[in-house]
>>> print(open('upload_23.txt').read())   # compact mmCIF, C-alpha atoms and all ligand atoms
# COMPACT_ATOMS: atom_id res chain seq x y z
CA MET P 1 9.79 -13.00 10.82
CA LYS P 2 11.41 -14.02 7.62
CA ARG P 3 14.36 -16.38 7.85
CA ALA P 4 13.73 -16.84 11.56
CA SER P 5 14.01 -20.63 11.51
CA SER P 6 16.91 -20.94 9.08
CA LYS P 7 19.04 -18.55 11.07
CA ALA P 8 17.94 -19.78 14.48
CA ALA P 9 21.15 -21.63 15.24
CA LYS P 10 23.19 -18.45 14.88
CA ARG P 11 20.93 -16.34 17.04
CA SER P 12 21.12 -15.77 20.77
CA ILE P 13 18.18 -16.65 23.02
CA GLY P 14 17.51 -12.92 23.32
CA GLU P 15 17.22 -12.55 19.59
CA LEU P 16 14.78 -15.45 19.31
CA GLU P 17 12.61 -13.95 22.02
CA LEU P 18 12.73 -10.70 20.11
CA ILE P 19 11.55 -12.42 16.94
CA ASP P 20 8.64 -13.96 18.87
CA GLN P 21 7.83 -10.49 20.11
CA ILE P 22 7.72 -9.11 16.59
CA ARG P 23 5.65 -12.09 15.43
CA SER P 24 3.21 -11.52 18.25
CA VAL P 25 2.44 -7.96 17.15
CA LYS P 26 -1.22 -8.30 16.34
CA GLN P 27 -1.52 -7.81 12.62
CA ALA P 28 -3.86 -5.18 11.26
CA ARG P 29 -5.82 -6.96 8.54
CA SER P 30 -5.09 -5.84 5.02
CA SER P 31 -6.26 -7.41 1.79
CA ALA P 32 -3.08 -6.03 0.18
CA VAL P 33 -0.86 -8.37 2.24
CA ALA P 34 -1.39 -11.81 0.69
CA LEU P 35 1.31 -13.34 2.91
CA GLY P 36 2.85 -11.71 5.97
CA ILE P 37 5.44 -12.88 8.54
CA GLY P 38 6.35 -16.57 8.44
CA ASP P 39 7.81 -17.33 5.02
CA ASP P 40 10.98 -16.21 3.27
CA CYS P 41 9.26 -13.16 1.81
CA ALA P 42 6.02 -11.27 2.29
CA ILE P 43 3.66 -11.17 -0.70
CA LEU P 44 1.86 -7.92 -1.44
CA ARG P 45 -1.17 -7.68 -3.68
CA PRO P 46 -2.01 -4.00 -4.15
CA PRO P 47 -5.52 -3.08 -5.31
CA ALA P 48 -6.13 -3.20 -9.09
CA GLY P 49 -5.35 0.12 -10.78
CA SER P 50 -3.08 1.25 -7.97
CA GLU P 51 0.66 1.76 -7.75
CA LEU P 52 3.02 1.23 -4.82
CA LEU P 53 4.86 3.98 -2.92
CA VAL P 54 7.91 3.17 -0.82
CA THR P 55 9.69 5.17 1.87
CA THR P 56 12.37 4.22 4.38
CA ASP P 57 13.50 5.83 7.65
CA PHE P 58 16.23 5.24 10.20
CA SER P 59 15.59 5.81 13.91
CA LEU P 60 18.98 5.94 15.62
CA GLU P 61 19.63 6.21 19.34
CA GLY P 62 21.43 9.47 20.15
CA ARG P 63 20.42 10.97 16.83
CA HIS P 64 16.64 10.62 16.58
CA PHE P 65 15.92 9.75 20.21
CA ARG P 66 17.60 9.39 23.59
CA ARG P 67 17.04 6.30 25.71
CA ASP P 68 17.14 8.43 28.89
CA LEU P 69 14.51 10.96 27.67
CA HIS P 70 12.19 9.18 25.22
CA PRO P 71 9.79 6.51 26.55
CA ALA P 72 10.22 3.29 24.53
CA ALA P 73 6.56 3.43 23.42
CA ALA P 74 7.18 6.89 21.93
CA VAL P 75 10.26 5.61 20.07
CA GLY P 76 8.10 2.83 18.53
CA HIS P 77 5.35 5.32 17.67
CA ARG P 78 7.75 7.81 16.08
CA CYS P 79 9.56 5.08 14.14
CA LEU P 80 6.32 4.25 12.31
CA ALA P 81 4.89 7.80 12.27
CA ARG P 82 7.73 9.24 10.20
CA GLY P 83 7.17 6.83 7.31
CA LEU P 84 3.38 7.12 7.55
CA SER P 85 3.73 10.91 7.30
CA ASP P 86 5.63 10.49 4.02
CA LEU P 87 2.80 8.28 2.69
CA ALA P 88 0.26 10.90 3.86
CA ALA P 89 2.15 13.63 2.00
CA MET P 90 1.56 11.76 -1.27
CA GLY P 91 -2.05 10.86 -0.54
CA ALA P 92 -1.20 7.15 -0.21
CA THR P 93 -2.86 4.47 1.92
CA PRO P 94 -0.56 2.23 4.01
CA VAL P 95 -0.13 -1.33 2.68
CA ALA P 96 2.57 -2.79 4.96
CA ALA P 97 5.55 -1.96 7.16
CA PHE P 98 8.86 -3.86 7.40
CA LEU P 99 11.03 -3.31 10.44
CA SER P 100 14.72 -4.10 10.90
CA LEU P 101 15.77 -3.70 14.50
CA ALA P 102 19.31 -3.91 15.89
CA LEU P 103 19.74 -3.91 19.66
CA PRO P 104 22.90 -3.79 21.79
CA ALA P 105 23.81 -7.04 23.60
CA GLU P 106 23.20 -5.54 27.05
CA LEU P 107 19.63 -4.67 26.09
CA LEU P 108 18.94 -8.17 24.73
CA ALA P 109 20.34 -9.81 27.86
CA SER P 110 18.61 -7.79 30.58
CA ARG P 111 15.04 -7.81 31.85
CA LYS P 112 15.05 -4.01 31.56
CA GLY P 113 16.00 -4.42 27.91
CA GLN P 114 13.21 -6.91 27.29
CA GLN P 115 10.79 -4.42 28.86
CA TRP P 116 12.13 -1.68 26.57
CA VAL P 117 11.49 -3.85 23.51
CA LYS P 118 8.00 -4.76 24.73
CA GLU P 119 7.06 -1.11 25.19
CA PHE P 120 8.66 -0.15 21.84
CA PHE P 121 6.40 -2.67 20.08
CA ALA P 122 3.35 -1.62 22.10
CA GLY P 123 3.82 1.99 20.93
CA LEU P 124 4.39 0.90 17.35
CA GLN P 125 1.41 -1.44 17.43
CA ARG P 126 -1.05 1.17 18.71
CA LEU P 127 -0.29 3.43 15.74
CA ALA P 128 -0.15 0.45 13.33
CA ASP P 129 -3.66 -0.62 14.42
CA ARG P 130 -5.04 2.90 14.21
CA SER P 131 -3.56 3.48 10.75
CA LYS P 132 -4.36 -0.11 9.56
CA THR P 133 -0.70 -0.78 8.77
CA PRO P 134 0.27 -4.48 9.04
CA LEU P 135 3.83 -5.25 10.14
CA ALA P 136 4.52 -7.78 7.38
CA GLY P 137 8.17 -8.66 8.02
CA GLY P 138 11.58 -7.54 9.10
CA ASP P 139 14.81 -8.69 10.65
CA THR P 140 16.69 -8.44 13.93
CA ALA P 141 20.37 -8.33 14.76
CA GLN P 142 22.74 -7.46 17.58
CA SER P 143 23.95 -3.90 17.30
CA PRO P 144 27.56 -2.99 18.03
CA ALA P 145 26.48 0.39 19.40
CA GLY P 146 23.07 1.70 20.38
CA ILE P 147 19.55 0.93 19.25
CA LEU P 148 18.96 1.17 15.53
CA ALA P 149 15.55 0.77 13.87
CA ASP P 150 15.10 0.92 10.11
CA ILE P 151 11.54 0.88 8.84
CA VAL P 152 10.27 0.49 5.30
CA LEU P 153 6.73 1.67 4.61
CA ILE P 154 4.79 0.60 1.53
CA GLY P 155 1.66 2.47 0.50
CA SER P 156 -0.68 2.44 -2.47
CA ALA P 157 -2.50 5.10 -4.46
CA PRO P 158 -4.59 5.07 -7.64
CA ARG P 159 -2.20 5.03 -10.60
CA GLY P 160 -0.90 8.50 -11.48
CA ARG P 161 -2.82 10.26 -8.72
CA SER P 162 -0.25 10.61 -5.92
CA LEU P 163 0.38 14.13 -4.64
CA ARG P 164 3.82 15.53 -5.53
CA ARG P 165 6.13 18.32 -4.41
CA SER P 166 6.78 19.41 -7.95
CA THR P 167 3.35 20.58 -9.13
CA ALA P 168 2.66 23.88 -7.32
CA ARG P 169 1.79 26.83 -9.58
CA PRO P 170 2.16 30.60 -9.18
CA GLY P 171 -1.09 31.99 -7.72
CA ASP P 172 -1.80 28.84 -5.68
CA LEU P 173 -2.50 29.35 -1.97
CA VAL P 174 -0.33 27.60 0.64
CA TYR P 175 -2.00 25.68 3.49
CA CYS P 176 -0.90 23.58 6.44
CA THR P 177 -2.67 21.11 8.70
CA GLY P 178 -2.80 21.20 12.50
CA HIS P 179 -0.38 23.33 14.52
CA LEU P 180 3.30 24.15 14.12
CA GLY P 181 6.28 24.34 16.47
CA GLY P 182 4.87 21.96 19.07
CA SER P 183 7.39 19.18 18.48
CA ALA P 184 10.41 21.46 18.94
CA ALA P 185 8.81 23.10 22.00
CA GLU P 186 8.17 19.69 23.60
CA ILE P 187 11.70 18.39 23.04
CA GLU P 188 13.22 21.65 24.31
CA GLY P 189 11.24 21.11 27.50
CA MET P 190 12.38 17.48 27.70
CA LEU P 191 16.03 18.51 27.31
CA ALA P 192 15.65 21.21 29.98
CA ARG P 193 14.13 18.72 32.45
CA GLY P 194 16.77 16.13 31.56
CA LYS P 195 14.78 13.09 32.65
CA MET P 196 12.50 10.47 31.13
CA ALA P 197 9.37 12.10 29.69
CA ARG P 198 5.94 10.84 30.75
CA LEU P 199 3.21 10.11 28.22
CA ASP P 200 0.40 11.79 30.21
CA GLY P 201 -2.36 13.85 28.65
CA GLY P 202 -2.95 12.03 25.36
CA GLN P 203 -1.62 12.54 21.86
CA LYS P 204 -2.40 16.27 21.60
CA ALA P 205 -0.16 16.99 24.60
CA HIS P 206 2.79 15.29 22.88
CA PRO P 207 3.47 16.72 19.42
CA HIS P 208 7.08 15.47 19.62
CA LEU P 209 6.61 12.09 21.32
CA LEU P 210 3.35 11.10 19.61
CA PRO P 211 3.02 12.95 16.27
CA GLU P 212 -0.12 12.07 14.33
CA PRO P 213 0.54 11.30 10.64
CA ARG P 214 -2.12 13.04 8.53
CA LEU P 215 -3.12 10.03 6.42
CA THR P 216 -6.83 10.85 6.24
CA VAL P 217 -6.16 14.44 5.15
CA GLY P 218 -3.63 13.38 2.49
CA SER P 219 -5.97 10.76 1.07
CA TRP P 220 -8.91 13.19 1.15
CA LEU P 221 -6.94 15.85 -0.75
CA MET P 222 -5.79 13.27 -3.32
CA LYS P 223 -9.28 11.82 -3.90
CA ARG P 224 -10.92 15.24 -4.34
CA ARG P 225 -8.04 16.57 -6.45
CA LEU P 226 -7.95 19.60 -4.14
CA ALA P 227 -4.18 19.94 -3.64
CA THR P 228 -1.87 20.97 -6.48
CA ALA P 229 1.26 19.92 -4.50
CA CYS P 230 2.06 18.51 -1.06
CA ILE P 231 4.97 17.71 1.28
CA ASP P 232 5.07 16.70 4.95
CA LEU P 233 6.69 18.96 7.54
CA SER P 234 9.57 16.84 8.82
CA ASP P 235 12.51 19.26 8.70
CA GLY P 236 10.58 22.48 9.42
CA LEU P 237 8.43 24.86 7.35
CA SER P 238 11.39 26.95 6.14
CA ILE P 239 13.21 23.87 4.80
CA ASP P 240 10.23 21.86 3.54
CA LEU P 241 8.63 24.83 1.75
CA THR P 242 12.04 25.50 0.14
CA HIS P 243 12.03 21.87 -1.12
CA LEU P 244 8.51 22.26 -2.51
CA CYS P 245 9.37 25.57 -4.22
CA ALA P 246 12.61 24.18 -5.68
CA GLU P 247 10.85 21.07 -7.05
CA SER P 248 8.00 23.16 -8.48
CA ASP P 249 10.30 25.94 -9.75
CA VAL P 250 8.26 28.62 -7.96
CA ALA P 251 8.67 31.03 -5.00
CA ALA P 252 6.40 31.58 -1.99
CA GLU P 253 5.25 34.19 0.52
CA VAL P 254 4.41 33.19 4.10
CA GLU P 255 2.36 35.39 6.44
CA ALA P 256 3.84 35.20 9.94
CA THR P 257 0.58 36.15 11.63
CA ALA P 258 -1.31 33.39 9.82
CA LEU P 259 0.84 30.54 11.16
CA PRO P 260 -1.12 28.28 13.54
CA LEU P 261 1.30 28.06 16.48
CA HIS P 262 0.99 25.02 18.73
CA PRO P 263 0.04 25.99 22.32
CA LEU P 264 3.40 24.59 23.56
CA ALA P 265 5.25 26.87 21.11
CA LEU P 266 3.04 29.87 21.92
CA ALA P 267 3.76 29.35 25.63
CA LEU P 268 7.40 30.26 24.89
CA GLY P 269 6.36 33.72 23.62
CA SER P 270 5.32 34.86 20.16
CA THR P 271 8.86 35.48 18.84
CA ARG P 272 10.28 32.17 20.03
CA GLY P 273 7.04 30.41 19.05
CA LEU P 274 7.29 31.79 15.52
CA ASP P 275 10.91 30.65 15.30
CA LEU P 276 9.93 27.10 16.32
CA ALA P 277 6.99 27.06 13.89
CA LEU P 278 9.27 28.09 11.00
CA ASN P 279 12.40 26.12 11.85
CA GLY P 280 11.67 23.61 14.62
CA GLY P 281 10.86 20.58 12.50
CA GLU P 282 9.29 17.19 13.16
CA ASP P 283 5.72 18.47 13.36
CA TYR P 284 4.70 15.90 10.70
CA GLU P 285 1.86 18.12 9.51
CA LEU P 286 1.09 18.47 5.80
CA LEU P 287 2.09 21.56 3.82
CA PHE P 288 0.12 21.79 0.58
CA THR P 289 -0.90 24.15 -2.18
CA ALA P 290 -4.27 24.57 -3.88
CA SER P 291 -5.80 26.70 -6.60
CA PRO P 292 -7.16 30.04 -5.29
CA THR P 293 -10.56 28.99 -6.68
CA ALA P 294 -10.61 25.71 -4.75
CA LYS P 295 -13.15 25.63 -1.90
CA MET P 296 -10.97 24.59 1.03
CA PRO P 297 -12.78 23.44 4.18
CA ARG P 298 -11.66 24.86 7.53
CA SER P 299 -10.99 21.34 8.73
CA ILE P 300 -10.61 17.90 7.16
CA ALA P 301 -11.36 14.81 9.25
CA GLY P 302 -11.28 16.99 12.37
CA VAL P 303 -7.84 18.44 11.52
CA PRO P 304 -7.75 22.26 11.16
CA ILE P 305 -6.60 23.59 7.79
CA THR P 306 -4.96 27.03 7.76
CA ARG P 307 -4.02 29.21 4.81
CA ILE P 308 -0.53 30.54 5.52
CA GLY P 309 0.67 32.09 2.27
CA ARG P 310 0.78 31.90 -1.48
CA ILE P 311 2.93 30.70 -4.35
CA THR P 312 4.55 33.30 -6.58
CA ARG P 313 6.69 33.27 -9.70
CA ARG P 314 10.32 32.51 -9.18
CA SER P 315 12.67 35.34 -10.09
CA ARG P 316 16.39 35.91 -9.73
CA SER P 317 15.85 39.22 -7.93
CA SER P 318 13.61 37.94 -5.12
CA PRO P 319 14.17 35.26 -2.45
CA ALA P 320 12.68 31.76 -2.80
CA ILE P 321 10.57 32.38 0.30
CA THR P 322 9.50 35.77 1.66
CA LEU P 323 8.25 36.16 5.23
CA ILE P 324 5.63 38.89 5.66
CA GLU P 325 5.52 40.09 9.28
CA ARG P 326 2.77 41.74 11.32
CA ASP P 327 3.88 45.28 10.25
CA ASP P 328 3.89 44.20 6.56
CA SER P 329 7.70 44.20 6.47
CA ARG P 330 9.11 41.58 4.13
CA SER P 331 12.28 39.58 4.65
CA PRO P 332 13.82 36.51 3.02
CA LEU P 333 13.05 33.30 4.94
CA LYS P 334 16.21 31.22 4.84
CA PRO P 335 15.91 27.46 5.21
CA GLY P 336 16.99 26.83 8.79
CA GLY P 337 16.76 24.30 11.56
CA TRP P 338 18.75 23.44 14.58
CA GLU P 339 20.12 20.42 16.31
CA HIS P 340 18.31 19.50 19.48
CA PHE P 341 20.89 16.88 20.49
CA LYS P 342 24.64 17.07 20.19
CA SER P 343 24.36 15.29 16.86
CA SER P 344 21.45 16.19 14.56
CA ASN P 345 18.05 14.80 15.47
CA ARG P 346 16.80 14.57 11.93
MG MG P 401 8.72 13.64 3.82
>>> encode(input="upload_23.txt", output="structure tokens")
Amino acid sequence: MKRASSKAAKRSIGELELIDQIRSVKQARSSAVALGIGDDCAILRPPAGSELLVTTDFSLEGRHFRRDLHPAAAVGHRCLARGLSDLAAMGATPVAAFLSLALPAELLASRKGQQWVKEFFAGLQRLADRSKTPLAGGDTAQSPAGILADIVLIGSAPRGRSLRRSTARPGDLVYCTGHLGGSAAEIEGMLARGKMARLDGGQKAHPHLLPEPRLTVGSWLMKRRLATACIDLSDGLSIDLTHLCAESDVAAEVEATALPLHPLALALGSTRGLDLALNGGEDYELLFTASPTAKMPRSIAGVPITRIGRITRRSRSSPAITLIERDDSRSPLKPGGWEHFKSSNR
């Protein structure tokens, strides 16, 4: 932990234990981290010919998670997954993560709080190991209200080769990875039950609690120059596709019947399932475009790839995104989402 010793006198015992906990997170080895936790700064040495990509994400109690519903391990997992998904969307490889964690005094002082922190780091570490992302530094502080985690993710990609939102072209086909609507369906269920969720059944059973960032797919698309543009699905298809179309100055058509609904979303009925797939958010799948002549595999690294629409020319007289339904009726797809908690969960 940087500055741990110099600030030690000002820190509570709880904070020092917390720093030890962060230090003890087993570090994934990375040749790009020349110096990790322990000095005033980390030193990064990205591969020759590469450039660095940086993304940062807040995880706030009551906004992004609830302490009474989300297991601490899932909060740690999600904290890292969100940033990794942004790296995946640009075809980048993780280099290092930096975590700033603020915890309320009552959590630092209690055994229950210490257990929460331990499980938070265990969840974060499992994904860090799997994605080869070293935790190379960070800071801790006492929070005046609630748990607050801010994570910075650094990735690398060959110079000039990162995938962008702004490079889709009319005629391109639109694809997504995995399944949609599962995250919203899972959290709706959690809210209805109103008690701490259990992490049974593995990652696939928990699209909200344990989303899988699509790093291998993003990197694969980048290396083979298969995608013309890419974004990750954090806010929901209707919003994220609107971002991609706006940045690329194009429009898009989406076929409702082509959308790969997650089994949890489908279980709520086809109408509700479709709504969650379009507007639910936090699926952390990739949404990308490719030339109609590109040979797209049905799956990449075991992740299904589904064609869901196409890019069209932008015109003043037609909507940015058109939804084509089962009976061929066409309607404008407005960017929409909803708030799962009282305050927004995004
Ligand atoms: Mg993103």
>>> atom_distance(input="upload_23.txt", atom1="atom CA of Leu173 of chain P", atom2="atom CA of Arg298 of chain P")
13.9 Å
>>> residues_near_ligand(input="upload_23.txt", ligand="ligand MG 401 (chain P)", cutoff="8 Å", atoms="all atoms listed in the file", output="PDB file with C-alpha atoms, in the frame of the given file")
ATOM      1  CA  ARG P  82       7.730   9.240  10.200  1.00  0.00           C
ATOM      2  CA  GLY P  83       7.170   6.830   7.310  1.00  0.00           C
ATOM      3  CA  SER P  85       3.730  10.910   7.300  1.00  0.00           C
ATOM      4  CA  ASP P  86       5.630  10.490   4.020  1.00  0.00           C
ATOM      5  CA  ALA P  89       2.150  13.630   2.000  1.00  0.00           C
ATOM      6  CA  ILE P 231       4.970  17.710   1.280  1.00  0.00           C
ATOM      7  CA  ASP P 232       5.070  16.700   4.950  1.00  0.00           C
ATOM      8  CA  LEU P 233       6.690  18.960   7.540  1.00  0.00           C
ATOM      9  CA  SER P 234       9.570  16.840   8.820  1.00  0.00           C
TER      10      SER P 234
END
>>> residues_around(input="upload_23.txt", residues="Cys79 of chain P", least_positions_apart="5", cutoff="9 Å", atoms="all atoms listed in the file", output="ChimeraX atom specification")
/P:57-59,74,124,149-151
>>> atom_distance(input="upload_23.txt", atom1="atom CA of Thr293 of chain P", atom2="atom CA of Arg330 of chain P")
25.7 Å
>>> residues_near_point(input="upload_23.txt", point="(17.9, -4.4, 8.7)", cutoff="8 Å", atoms="all atoms listed in the file", output="PyMOL selection string")
chain P and resi 99-102+138-141+149-150
>>> residues_around(input="upload_23.txt", residues="Asp172 of chain P", least_positions_apart="5", cutoff="8 Å", atoms="all atoms listed in the file", output="list in words")
Thr228, Thr289, Ala290, Ser291, Pro292, Arg310, Ile311 and Thr312 of chain P
>>> residues_around(input="upload_23.txt", residues="Ala246 of chain P", least_positions_apart="5", cutoff="10 Å", atoms="all atoms listed in the file", output="ChimeraX atom specification")
/P:165-166,240-241,251,314,320
>>> atom_distance(input="upload_23.txt", atom1="atom CA of Glu212 of chain P", atom2="atom CA of Ala81 of chain P")
6.9 Å
>>> build_atoms(input="upload_23.txt", residues="segment 206-230 of chain P", atoms="N, CA, C and O atoms", output="PDB file, in the coordinates of the input")
ATOM      1  N   HIS P 206       1.440  15.778  23.210  1.00  0.00           N
ATOM      2  CA  HIS P 206       2.790  15.290  22.880  1.00  0.00           C
ATOM      3  C   HIS P 206       3.113  15.360  21.394  1.00  0.00           C
ATOM      4  O   HIS P 206       3.290  14.341  20.739  1.00  0.00           O
ATOM      5  N   PRO P 207       3.197  16.602  20.860  1.00  0.00           N
ATOM      6  CA  PRO P 207       3.470  16.720  19.420  1.00  0.00           C
ATOM      7  C   PRO P 207       4.822  16.122  19.024  1.00  0.00           C
ATOM      8  O   PRO P 207       4.985  15.708  17.883  1.00  0.00           O
ATOM      9  N   HIS P 208       5.789  16.084  19.953  1.00  0.00           N
ATOM     10  CA  HIS P 208       7.080  15.470  19.620  1.00  0.00           C
ATOM     11  C   HIS P 208       7.048  13.952  19.843  1.00  0.00           C
ATOM     12  O   HIS P 208       7.477  13.189  18.965  1.00  0.00           O
ATOM     13  N   LEU P 209       6.545  13.516  20.982  1.00  0.00           N
ATOM     14  CA  LEU P 209       6.610  12.090  21.320  1.00  0.00           C
ATOM     15  C   LEU P 209       5.582  11.267  20.556  1.00  0.00           C
ATOM     16  O   LEU P 209       5.842  10.106  20.228  1.00  0.00           O
ATOM     17  N   LEU P 210       4.407  11.863  20.273  1.00  0.00           N
ATOM     18  CA  LEU P 210       3.350  11.100  19.610  1.00  0.00           C
ATOM     19  C   LEU P 210       2.760  11.873  18.426  1.00  0.00           C
ATOM     20  O   LEU P 210       1.572  12.186  18.409  1.00  0.00           O
ATOM     21  N   PRO P 211       3.573  12.208  17.421  1.00  0.00           N
ATOM     22  CA  PRO P 211       3.020  12.950  16.270  1.00  0.00           C
ATOM     23  C   PRO P 211       1.988  12.095  15.534  1.00  0.00           C
ATOM     24  O   PRO P 211       2.109  10.877  15.484  1.00  0.00           O
ATOM     25  N   GLU P 212       0.970  12.781  15.004  1.00  0.00           N
ATOM     26  CA  GLU P 212      -0.120  12.070  14.330  1.00  0.00           C
ATOM     27  C   GLU P 212       0.025  12.216  12.818  1.00  0.00           C
ATOM     28  O   GLU P 212      -0.191  13.293  12.292  1.00  0.00           O
ATOM     29  N   PRO P 213       0.415  11.165  12.095  1.00  0.00           N
ATOM     30  CA  PRO P 213       0.540  11.300  10.640  1.00  0.00           C
ATOM     31  C   PRO P 213      -0.819  11.607  10.015  1.00  0.00           C
ATOM     32  O   PRO P 213      -1.817  11.015  10.405  1.00  0.00           O
ATOM     33  N   ARG P 214      -0.850  12.537   9.062  1.00  0.00           N
ATOM     34  CA  ARG P 214      -2.120  13.040   8.530  1.00  0.00           C
ATOM     35  C   ARG P 214      -2.608  12.239   7.328  1.00  0.00           C
ATOM     36  O   ARG P 214      -2.869  12.799   6.235  1.00  0.00           O
ATOM     37  N   LEU P 215      -2.741  10.923   7.519  1.00  0.00           N
ATOM     38  CA  LEU P 215      -3.120  10.030   6.420  1.00  0.00           C
ATOM     39  C   LEU P 215      -4.495  10.335   5.850  1.00  0.00           C
ATOM     40  O   LEU P 215      -4.682  10.348   4.632  1.00  0.00           O
ATOM     41  N   THR P 216      -5.457  10.604   6.727  1.00  0.00           N
ATOM     42  CA  THR P 216      -6.830  10.850   6.240  1.00  0.00           C
ATOM     43  C   THR P 216      -6.875  12.131   5.422  1.00  0.00           C
ATOM     44  O   THR P 216      -7.518  12.181   4.377  1.00  0.00           O
ATOM     45  N   VAL P 217      -6.164  13.169   5.886  1.00  0.00           N
ATOM     46  CA  VAL P 217      -6.160  14.440   5.150  1.00  0.00           C
ATOM     47  C   VAL P 217      -5.497  14.259   3.787  1.00  0.00           C
ATOM     48  O   VAL P 217      -6.031  14.691   2.757  1.00  0.00           O
ATOM     49  N   GLY P 218      -4.345  13.590   3.751  1.00  0.00           N
ATOM     50  CA  GLY P 218      -3.630  13.380   2.490  1.00  0.00           C
ATOM     51  C   GLY P 218      -4.487  12.628   1.483  1.00  0.00           C
ATOM     52  O   GLY P 218      -4.587  13.011   0.310  1.00  0.00           O
ATOM     53  N   SER P 219      -5.129  11.570   1.949  1.00  0.00           N
ATOM     54  CA  SER P 219      -5.970  10.760   1.070  1.00  0.00           C
ATOM     55  C   SER P 219      -7.190  11.557   0.584  1.00  0.00           C
ATOM     56  O   SER P 219      -7.589  11.478  -0.579  1.00  0.00           O
ATOM     57  N   TRP P 220      -7.745  12.357   1.485  1.00  0.00           N
ATOM     58  CA  TRP P 220      -8.910  13.190   1.150  1.00  0.00           C
ATOM     59  C   TRP P 220      -8.547  14.206   0.062  1.00  0.00           C
ATOM     60  O   TRP P 220      -9.274  14.393  -0.911  1.00  0.00           O
ATOM     61  N   LEU P 221      -7.390  14.859   0.232  1.00  0.00           N
ATOM     62  CA  LEU P 221      -6.940  15.850  -0.750  1.00  0.00           C
ATOM     63  C   LEU P 221      -6.686  15.187  -2.109  1.00  0.00           C
ATOM     64  O   LEU P 221      -7.024  15.735  -3.163  1.00  0.00           O
ATOM     65  N   MET P 222      -6.089  13.998  -2.070  1.00  0.00           N
ATOM     66  CA  MET P 222      -5.790  13.270  -3.320  1.00  0.00           C
ATOM     67  C   MET P 222      -7.096  12.900  -4.024  1.00  0.00           C
ATOM     68  O   MET P 222      -7.260  13.164  -5.211  1.00  0.00           O
ATOM     69  N   LYS P 223      -8.034  12.302  -3.281  1.00  0.00           N
ATOM     70  CA  LYS P 223      -9.280  11.820  -3.900  1.00  0.00           C
ATOM     71  C   LYS P 223     -10.082  12.967  -4.511  1.00  0.00           C
ATOM     72  O   LYS P 223     -10.704  12.814  -5.554  1.00  0.00           O
ATOM     73  N   ARG P 224     -10.109  14.116  -3.840  1.00  0.00           N
ATOM     74  CA  ARG P 224     -10.920  15.240  -4.340  1.00  0.00           C
ATOM     75  C   ARG P 224     -10.127  16.145  -5.276  1.00  0.00           C
ATOM     76  O   ARG P 224     -10.631  17.178  -5.690  1.00  0.00           O
ATOM     77  N   ARG P 225      -8.910  15.777  -5.557  1.00  0.00           N
ATOM     78  CA  ARG P 225      -8.040  16.570  -6.450  1.00  0.00           C
ATOM     79  C   ARG P 225      -7.966  18.016  -5.993  1.00  0.00           C
ATOM     80  O   ARG P 225      -7.964  18.946  -6.805  1.00  0.00           O
ATOM     81  N   LEU P 226      -7.929  18.235  -4.677  1.00  0.00           N
ATOM     82  CA  LEU P 226      -7.950  19.600  -4.140  1.00  0.00           C
ATOM     83  C   LEU P 226      -6.556  20.210  -4.055  1.00  0.00           C
ATOM     84  O   LEU P 226      -6.394  21.418  -4.172  1.00  0.00           O
ATOM     85  N   ALA P 227      -5.525  19.389  -3.795  1.00  0.00           N
ATOM     86  CA  ALA P 227      -4.180  19.940  -3.640  1.00  0.00           C
ATOM     87  C   ALA P 227      -3.445  19.901  -4.971  1.00  0.00           C
ATOM     88  O   ALA P 227      -3.534  18.931  -5.714  1.00  0.00           O
ATOM     89  N   THR P 228      -2.691  20.984  -5.265  1.00  0.00           N
ATOM     90  CA  THR P 228      -1.870  20.970  -6.480  1.00  0.00           C
ATOM     91  C   THR P 228      -0.488  20.384  -6.179  1.00  0.00           C
ATOM     92  O   THR P 228       0.165  19.846  -7.063  1.00  0.00           O
ATOM     93  N   ALA P 229      -0.029  20.502  -4.906  1.00  0.00           N
ATOM     94  CA  ALA P 229       1.260  19.920  -4.500  1.00  0.00           C
ATOM     95  C   ALA P 229       1.226  19.705  -2.995  1.00  0.00           C
ATOM     96  O   ALA P 229       0.430  20.336  -2.294  1.00  0.00           O
ATOM     97  N   CYS P 230       2.081  18.808  -2.502  1.00  0.00           N
ATOM     98  CA  CYS P 230       2.060  18.510  -1.060  1.00  0.00           C
ATOM     99  C   CYS P 230       3.412  17.958  -0.612  1.00  0.00           C
ATOM    100  O   CYS P 230       4.117  17.305  -1.377  1.00  0.00           O
TER     101      CYS P 230
END
